[in-house]
Amino acid sequence: MNVKRKEIQTARMWRFFLDATSELIEEKGLHHITIREIADRAGYTSSTVYNYFRDLSHLKFFAVMRDTDKYLKDLPNYMEKGNNTIEKWLYAWECFCKHSFQLPEVYSLLYIENLGTIPEELMQNYYQVYANELINLSEEVQSIITHHNIATRSSLYIQSAREEGFIHEEDIEYIADTTMLIWTGMLTNLLNLRRNVSKEEAAKQTMDYVYKSIMSTVVPEKRKEVNYIYGDRNENGSSTS
């Protein structure tokens, strides 16, 4: 079998198993499905599943990755609102919060839970099989979504903010880690019912903290150049405030 045919077959088999996994997750929840059930639903044996996936956590990871499709489509629209790296980063965070708090269990599985392997490898494997999902996305957007670690992708992206004179080199790692911890803490509290807020309120509160944290590292003389208002424009450019 040549390489191209093998890639096509792999993508086809992935689709069978991931469709089955998605159906079962919708019916029974993320934490109440088994490899045997997935194999049965797809019409194959459990051993065939293991030819393509290491274990159940990987199957669930790949299945829920497809639930980030709306986020991927929304992200460029949000980032286009920004006129500099800081603004674009804030709008990117707003988009991420908007979608992650609507599907907290999905995003917790993708970015917080222990998957028993290196998540970066899973992300790379996913986009190798579904490379078409990256088509028509700018390099700027791809640089964000193809890195699994939130702090890592933030620190890589905001290097441009240092070059633009908005932040100092020594603050990059700090603010990347801080914003990641803010989001992780809020999402975990929401899942554990430790905050009596709606998903929309949780997203707004998270962005309030993210905004204040980011602006605290922007050099004072550059802060007036950052114009960001949460939810100030929708996808059609009209006011939502």
# chains A, B, ... in the order shown; residues from 1 in each chain; ligands from 1

call {"tool": "residues_around", "arguments": {"residues": "segment 28-39 of chain A", "least_positions_apart": "6", "cutoff": "10 Å", "atoms": "only C-alpha atoms", "output": "list in words"}}
result
Phe16, Phe17, Leu18, Asp19, Ala20, Thr21, Ser22, Thr45, Ser46, Ser47, Thr48, Val49, Tyr50, Asp55, Leu56, Ser57, Leu59, Lys60, Val64, Glu105, Val106 and Leu109 of chain A

call {"tool": "residues_around", "arguments": {"residues": "segment 205-211 of chain A", "least_positions_apart": "6", "cutoff": "12 Å", "atoms": "only C-alpha atoms", "output": "PyMOL selection string"}}
result
chain A and resi 86-87+89-98+100-101+175-190+195+197-199+217-218+223+226-231

call {"tool": "residues_around", "arguments": {"residues": "Ser160 of chain A", "least_positions_apart": "4", "cutoff": "12 Å", "atoms": "only C-alpha atoms", "output": "PyMOL selection string"}}
result
chain A and resi 84-89+140+154-156+164-169+172

call {"tool": "closest_residue", "arguments": {"among": "A:Phe62, A:Ile150, A:Ala203, A:Asp74", "to": "Pro104 of chain A", "atoms": "only C-alpha atoms"}}
result
A:Ala203

call {"tool": "decode", "arguments": {"residues": "segment 166-181 of chain A", "atoms": "all heavy atoms", "output": "PDB file, in the first residue's frame"}}
result
ATOM      1  N   PHE A 166       5.686  46.881  23.697  1.00  0.00           N
ATOM      2  CA  PHE A 166       4.602  46.878  24.677  1.00  0.00           C
ATOM      3  C   PHE A 166       4.998  46.233  26.004  1.00  0.00           C
ATOM      4  O   PHE A 166       4.529  46.656  27.057  1.00  0.00           O
ATOM      5  CB  PHE A 166       3.379  46.146  24.105  1.00  0.00           C
ATOM      6  CG  PHE A 166       2.603  46.962  23.115  1.00  0.00           C
ATOM      7  CD1 PHE A 166       2.786  46.789  21.756  1.00  0.00           C
ATOM      8  CD2 PHE A 166       1.678  47.910  23.542  1.00  0.00           C
ATOM      9  CE1 PHE A 166       2.071  47.547  20.832  1.00  0.00           C
ATOM     10  CE2 PHE A 166       0.953  48.671  22.634  1.00  0.00           C
ATOM     11  CZ  PHE A 166       1.160  48.491  21.271  1.00  0.00           C
ATOM     12  N   ILE A 167       5.802  45.184  25.954  1.00  0.00           N
ATOM     13  CA  ILE A 167       6.200  44.495  27.171  1.00  0.00           C
ATOM     14  C   ILE A 167       7.696  44.193  27.142  1.00  0.00           C
ATOM     15  O   ILE A 167       8.321  44.209  26.077  1.00  0.00           O
ATOM     16  CB  ILE A 167       5.410  43.180  27.367  1.00  0.00           C
ATOM     17  CG1 ILE A 167       5.630  42.238  26.176  1.00  0.00           C
ATOM     18  CG2 ILE A 167       3.929  43.447  27.579  1.00  0.00           C
ATOM     19  CD1 ILE A 167       4.944  40.895  26.353  1.00  0.00           C
ATOM     20  N   HIS A 168       8.238  43.905  28.320  1.00  0.00           N
ATOM     21  CA  HIS A 168       9.649  43.564  28.427  1.00  0.00           C
ATOM     22  C   HIS A 168       9.831  42.051  28.319  1.00  0.00           C
ATOM     23  O   HIS A 168       8.938  41.280  28.680  1.00  0.00           O
ATOM     24  CB  HIS A 168      10.221  44.056  29.756  1.00  0.00           C
ATOM     25  CG  HIS A 168      10.162  45.550  29.924  1.00  0.00           C
ATOM     26  ND1 HIS A 168      10.801  46.417  29.075  1.00  0.00           N
ATOM     27  CD2 HIS A 168       9.518  46.320  30.859  1.00  0.00           C
ATOM     28  CE1 HIS A 168      10.576  47.667  29.461  1.00  0.00           C
ATOM     29  NE2 HIS A 168       9.793  47.635  30.535  1.00  0.00           N
ATOM     30  N   GLU A 169      10.974  41.654  27.850  1.00  0.00           N
ATOM     31  CA  GLU A 169      11.290  40.234  27.672  1.00  0.00           C
ATOM     32  C   GLU A 169      11.061  39.440  28.955  1.00  0.00           C
ATOM     33  O   GLU A 169      10.512  38.338  28.937  1.00  0.00           O
ATOM     34  CB  GLU A 169      12.744  40.081  27.217  1.00  0.00           C
ATOM     35  CG  GLU A 169      13.226  38.637  27.076  1.00  0.00           C
ATOM     36  CD  GLU A 169      12.596  37.921  25.891  1.00  0.00           C
ATOM     37  OE1 GLU A 169      12.324  38.588  24.881  1.00  0.00           O
ATOM     38  OE2 GLU A 169      12.380  36.698  25.995  1.00  0.00           O
ATOM     39  N   GLU A 170      11.463  40.013  30.086  1.00  0.00           N
ATOM     40  CA  GLU A 170      11.377  39.274  31.355  1.00  0.00           C
ATOM     41  C   GLU A 170       9.932  39.063  31.820  1.00  0.00           C
ATOM     42  O   GLU A 170       9.678  38.264  32.738  1.00  0.00           O
ATOM     43  CB  GLU A 170      12.161  39.997  32.457  1.00  0.00           C
ATOM     44  CG  GLU A 170      11.719  41.424  32.732  1.00  0.00           C
ATOM     45  CD  GLU A 170      12.501  42.453  31.937  1.00  0.00           C
ATOM     46  OE1 GLU A 170      13.024  42.102  30.860  1.00  0.00           O
ATOM     47  OE2 GLU A 170      12.597  43.594  32.408  1.00  0.00           O
ATOM     48  N   ASP A 171       8.970  39.764  31.205  1.00  0.00           N
ATOM     49  CA  ASP A 171       7.570  39.610  31.609  1.00  0.00           C
ATOM     50  C   ASP A 171       6.809  38.585  30.771  1.00  0.00           C
ATOM     51  O   ASP A 171       5.676  38.229  31.116  1.00  0.00           O
ATOM     52  CB  ASP A 171       6.841  40.953  31.505  1.00  0.00           C
ATOM     53  CG  ASP A 171       7.298  41.944  32.565  1.00  0.00           C
ATOM     54  OD1 ASP A 171       7.598  41.499  33.685  1.00  0.00           O
ATOM     55  OD2 ASP A 171       7.359  43.150  32.258  1.00  0.00           O
ATOM     56  N   ILE A 172       7.415  38.118  29.686  1.00  0.00           N
ATOM     57  CA  ILE A 172       6.697  37.228  28.769  1.00  0.00           C
ATOM     58  C   ILE A 172       6.289  35.921  29.435  1.00  0.00           C
ATOM     59  O   ILE A 172       5.121  35.522  29.396  1.00  0.00           O
ATOM     60  CB  ILE A 172       7.537  36.960  27.501  1.00  0.00           C
ATOM     61  CG1 ILE A 172       7.631  38.238  26.655  1.00  0.00           C
ATOM     62  CG2 ILE A 172       6.922  35.820  26.684  1.00  0.00           C
ATOM     63  CD1 ILE A 172       8.476  38.094  25.417  1.00  0.00           C
ATOM     64  N   GLU A 173       7.229  35.238  30.055  1.00  0.00           N
ATOM     65  CA  GLU A 173       6.902  33.962  30.690  1.00  0.00           C
ATOM     66  C   GLU A 173       5.914  34.154  31.834  1.00  0.00           C
ATOM     67  O   GLU A 173       4.974  33.364  32.009  1.00  0.00           O
ATOM     68  CB  GLU A 173       8.171  33.294  31.213  1.00  0.00           C
ATOM     69  CG  GLU A 173       7.924  31.915  31.822  1.00  0.00           C
ATOM     70  CD  GLU A 173       9.212  31.231  32.248  1.00  0.00           C
ATOM     71  OE1 GLU A 173      10.308  31.752  31.945  1.00  0.00           O
ATOM     72  OE2 GLU A 173       9.126  30.167  32.900  1.00  0.00           O
ATOM     73  N   TYR A 174       6.102  35.235  32.591  1.00  0.00           N
ATOM     74  CA  TYR A 174       5.206  35.505  33.722  1.00  0.00           C
ATOM     75  C   TYR A 174       3.763  35.677  33.260  1.00  0.00           C
ATOM     76  O   TYR A 174       2.848  35.046  33.802  1.00  0.00           O
ATOM     77  CB  TYR A 174       5.671  36.767  34.463  1.00  0.00           C
ATOM     78  CG  TYR A 174       4.605  37.370  35.345  1.00  0.00           C
ATOM     79  CD1 TYR A 174       4.299  36.811  36.586  1.00  0.00           C
ATOM     80  CD2 TYR A 174       3.870  38.489  34.919  1.00  0.00           C
ATOM     81  CE1 TYR A 174       3.305  37.347  37.395  1.00  0.00           C
ATOM     82  CE2 TYR A 174       2.871  39.024  35.712  1.00  0.00           C
ATOM     83  CZ  TYR A 174       2.593  38.455  36.948  1.00  0.00           C
ATOM     84  OH  TYR A 174       1.594  38.982  37.725  1.00  0.00           O
ATOM     85  N   ILE A 175       3.543  36.530  32.266  1.00  0.00           N
ATOM     86  CA  ILE A 175       2.171  36.816  31.853  1.00  0.00           C
ATOM     87  C   ILE A 175       1.554  35.634  31.108  1.00  0.00           C
ATOM     88  O   ILE A 175       0.352  35.381  31.194  1.00  0.00           O
ATOM     89  CB  ILE A 175       2.093  38.109  31.011  1.00  0.00           C
ATOM     90  CG1 ILE A 175       0.642  38.584  30.905  1.00  0.00           C
ATOM     91  CG2 ILE A 175       2.697  37.936  29.638  1.00  0.00           C
ATOM     92  CD1 ILE A 175      -0.027  38.858  32.251  1.00  0.00           C
ATOM     93  N   ALA A 176       2.369  34.868  30.399  1.00  0.00           N
ATOM     94  CA  ALA A 176       1.854  33.669  29.726  1.00  0.00           C
ATOM     95  C   ALA A 176       1.372  32.650  30.752  1.00  0.00           C
ATOM     96  O   ALA A 176       0.290  32.062  30.611  1.00  0.00           O
ATOM     97  CB  ALA A 176       2.932  33.062  28.836  1.00  0.00           C
ATOM     98  N   ASP A 177       2.166  32.448  31.798  1.00  0.00           N
ATOM     99  CA  ASP A 177       1.779  31.504  32.856  1.00  0.00           C
ATOM    100  C   ASP A 177       0.583  32.023  33.651  1.00  0.00           C
ATOM    101  O   ASP A 177      -0.328  31.264  33.991  1.00  0.00           O
ATOM    102  CB  ASP A 177       2.951  31.256  33.806  1.00  0.00           C
ATOM    103  CG  ASP A 177       4.032  30.386  33.202  1.00  0.00           C
ATOM    104  OD1 ASP A 177       3.757  29.702  32.196  1.00  0.00           O
ATOM    105  OD2 ASP A 177       5.164  30.392  33.726  1.00  0.00           O
ATOM    106  N   THR A 178       0.587  33.308  33.951  1.00  0.00           N
ATOM    107  CA  THR A 178      -0.486  33.884  34.768  1.00  0.00           C
ATOM    108  C   THR A 178      -1.840  33.778  34.085  1.00  0.00           C
ATOM    109  O   THR A 178      -2.836  33.366  34.704  1.00  0.00           O
ATOM    110  CB  THR A 178      -0.189  35.363  35.082  1.00  0.00           C
ATOM    111  OG1 THR A 178       1.036  35.444  35.819  1.00  0.00           O
ATOM    112  CG2 THR A 178      -1.302  35.983  35.912  1.00  0.00           C
ATOM    113  N   THR A 179      -1.902  34.126  32.815  1.00  0.00           N
ATOM    114  CA  THR A 179      -3.187  34.059  32.104  1.00  0.00           C
ATOM    115  C   THR A 179      -3.673  32.623  31.981  1.00  0.00           C
ATOM    116  O   THR A 179      -4.878  32.354  32.088  1.00  0.00           O
ATOM    117  CB  THR A 179      -3.077  34.706  30.711  1.00  0.00           C
ATOM    118  OG1 THR A 179      -1.918  34.191  30.027  1.00  0.00           O
ATOM    119  CG2 THR A 179      -2.929  36.215  30.829  1.00  0.00           C
ATOM    120  N   MET A 180      -2.755  31.687  31.776  1.00  0.00           N
ATOM    121  CA  MET A 180      -3.138  30.277  31.707  1.00  0.00           C
ATOM    122  C   MET A 180      -3.715  29.815  33.042  1.00  0.00           C
ATOM    123  O   MET A 180      -4.738  29.114  33.092  1.00  0.00           O
ATOM    124  CB  MET A 180      -1.927  29.428  31.321  1.00  0.00           C
ATOM    125  CG  MET A 180      -2.196  27.927  31.207  1.00  0.00           C
ATOM    126  SD  MET A 180      -1.979  27.036  32.776  1.00  0.00           S
ATOM    127  CE  MET A 180      -0.207  27.210  33.001  1.00  0.00           C
ATOM    128  N   LEU A 181      -3.080  30.212  34.155  1.00  0.00           N
ATOM    129  CA  LEU A 181      -3.547  29.798  35.479  1.00  0.00           C
ATOM    130  C   LEU A 181      -4.906  30.417  35.808  1.00  0.00           C
ATOM    131  O   LEU A 181      -5.735  29.788  36.469  1.00  0.00           O
ATOM    132  CB  LEU A 181      -2.518  30.180  36.538  1.00  0.00           C
ATOM    133  CG  LEU A 181      -1.210  29.372  36.497  1.00  0.00           C
ATOM    134  CD1 LEU A 181      -0.172  30.002  37.422  1.00  0.00           C
ATOM    135  CD2 LEU A 181      -1.461  27.919  36.888  1.00  0.00           C
TER     136      LEU A 181
END
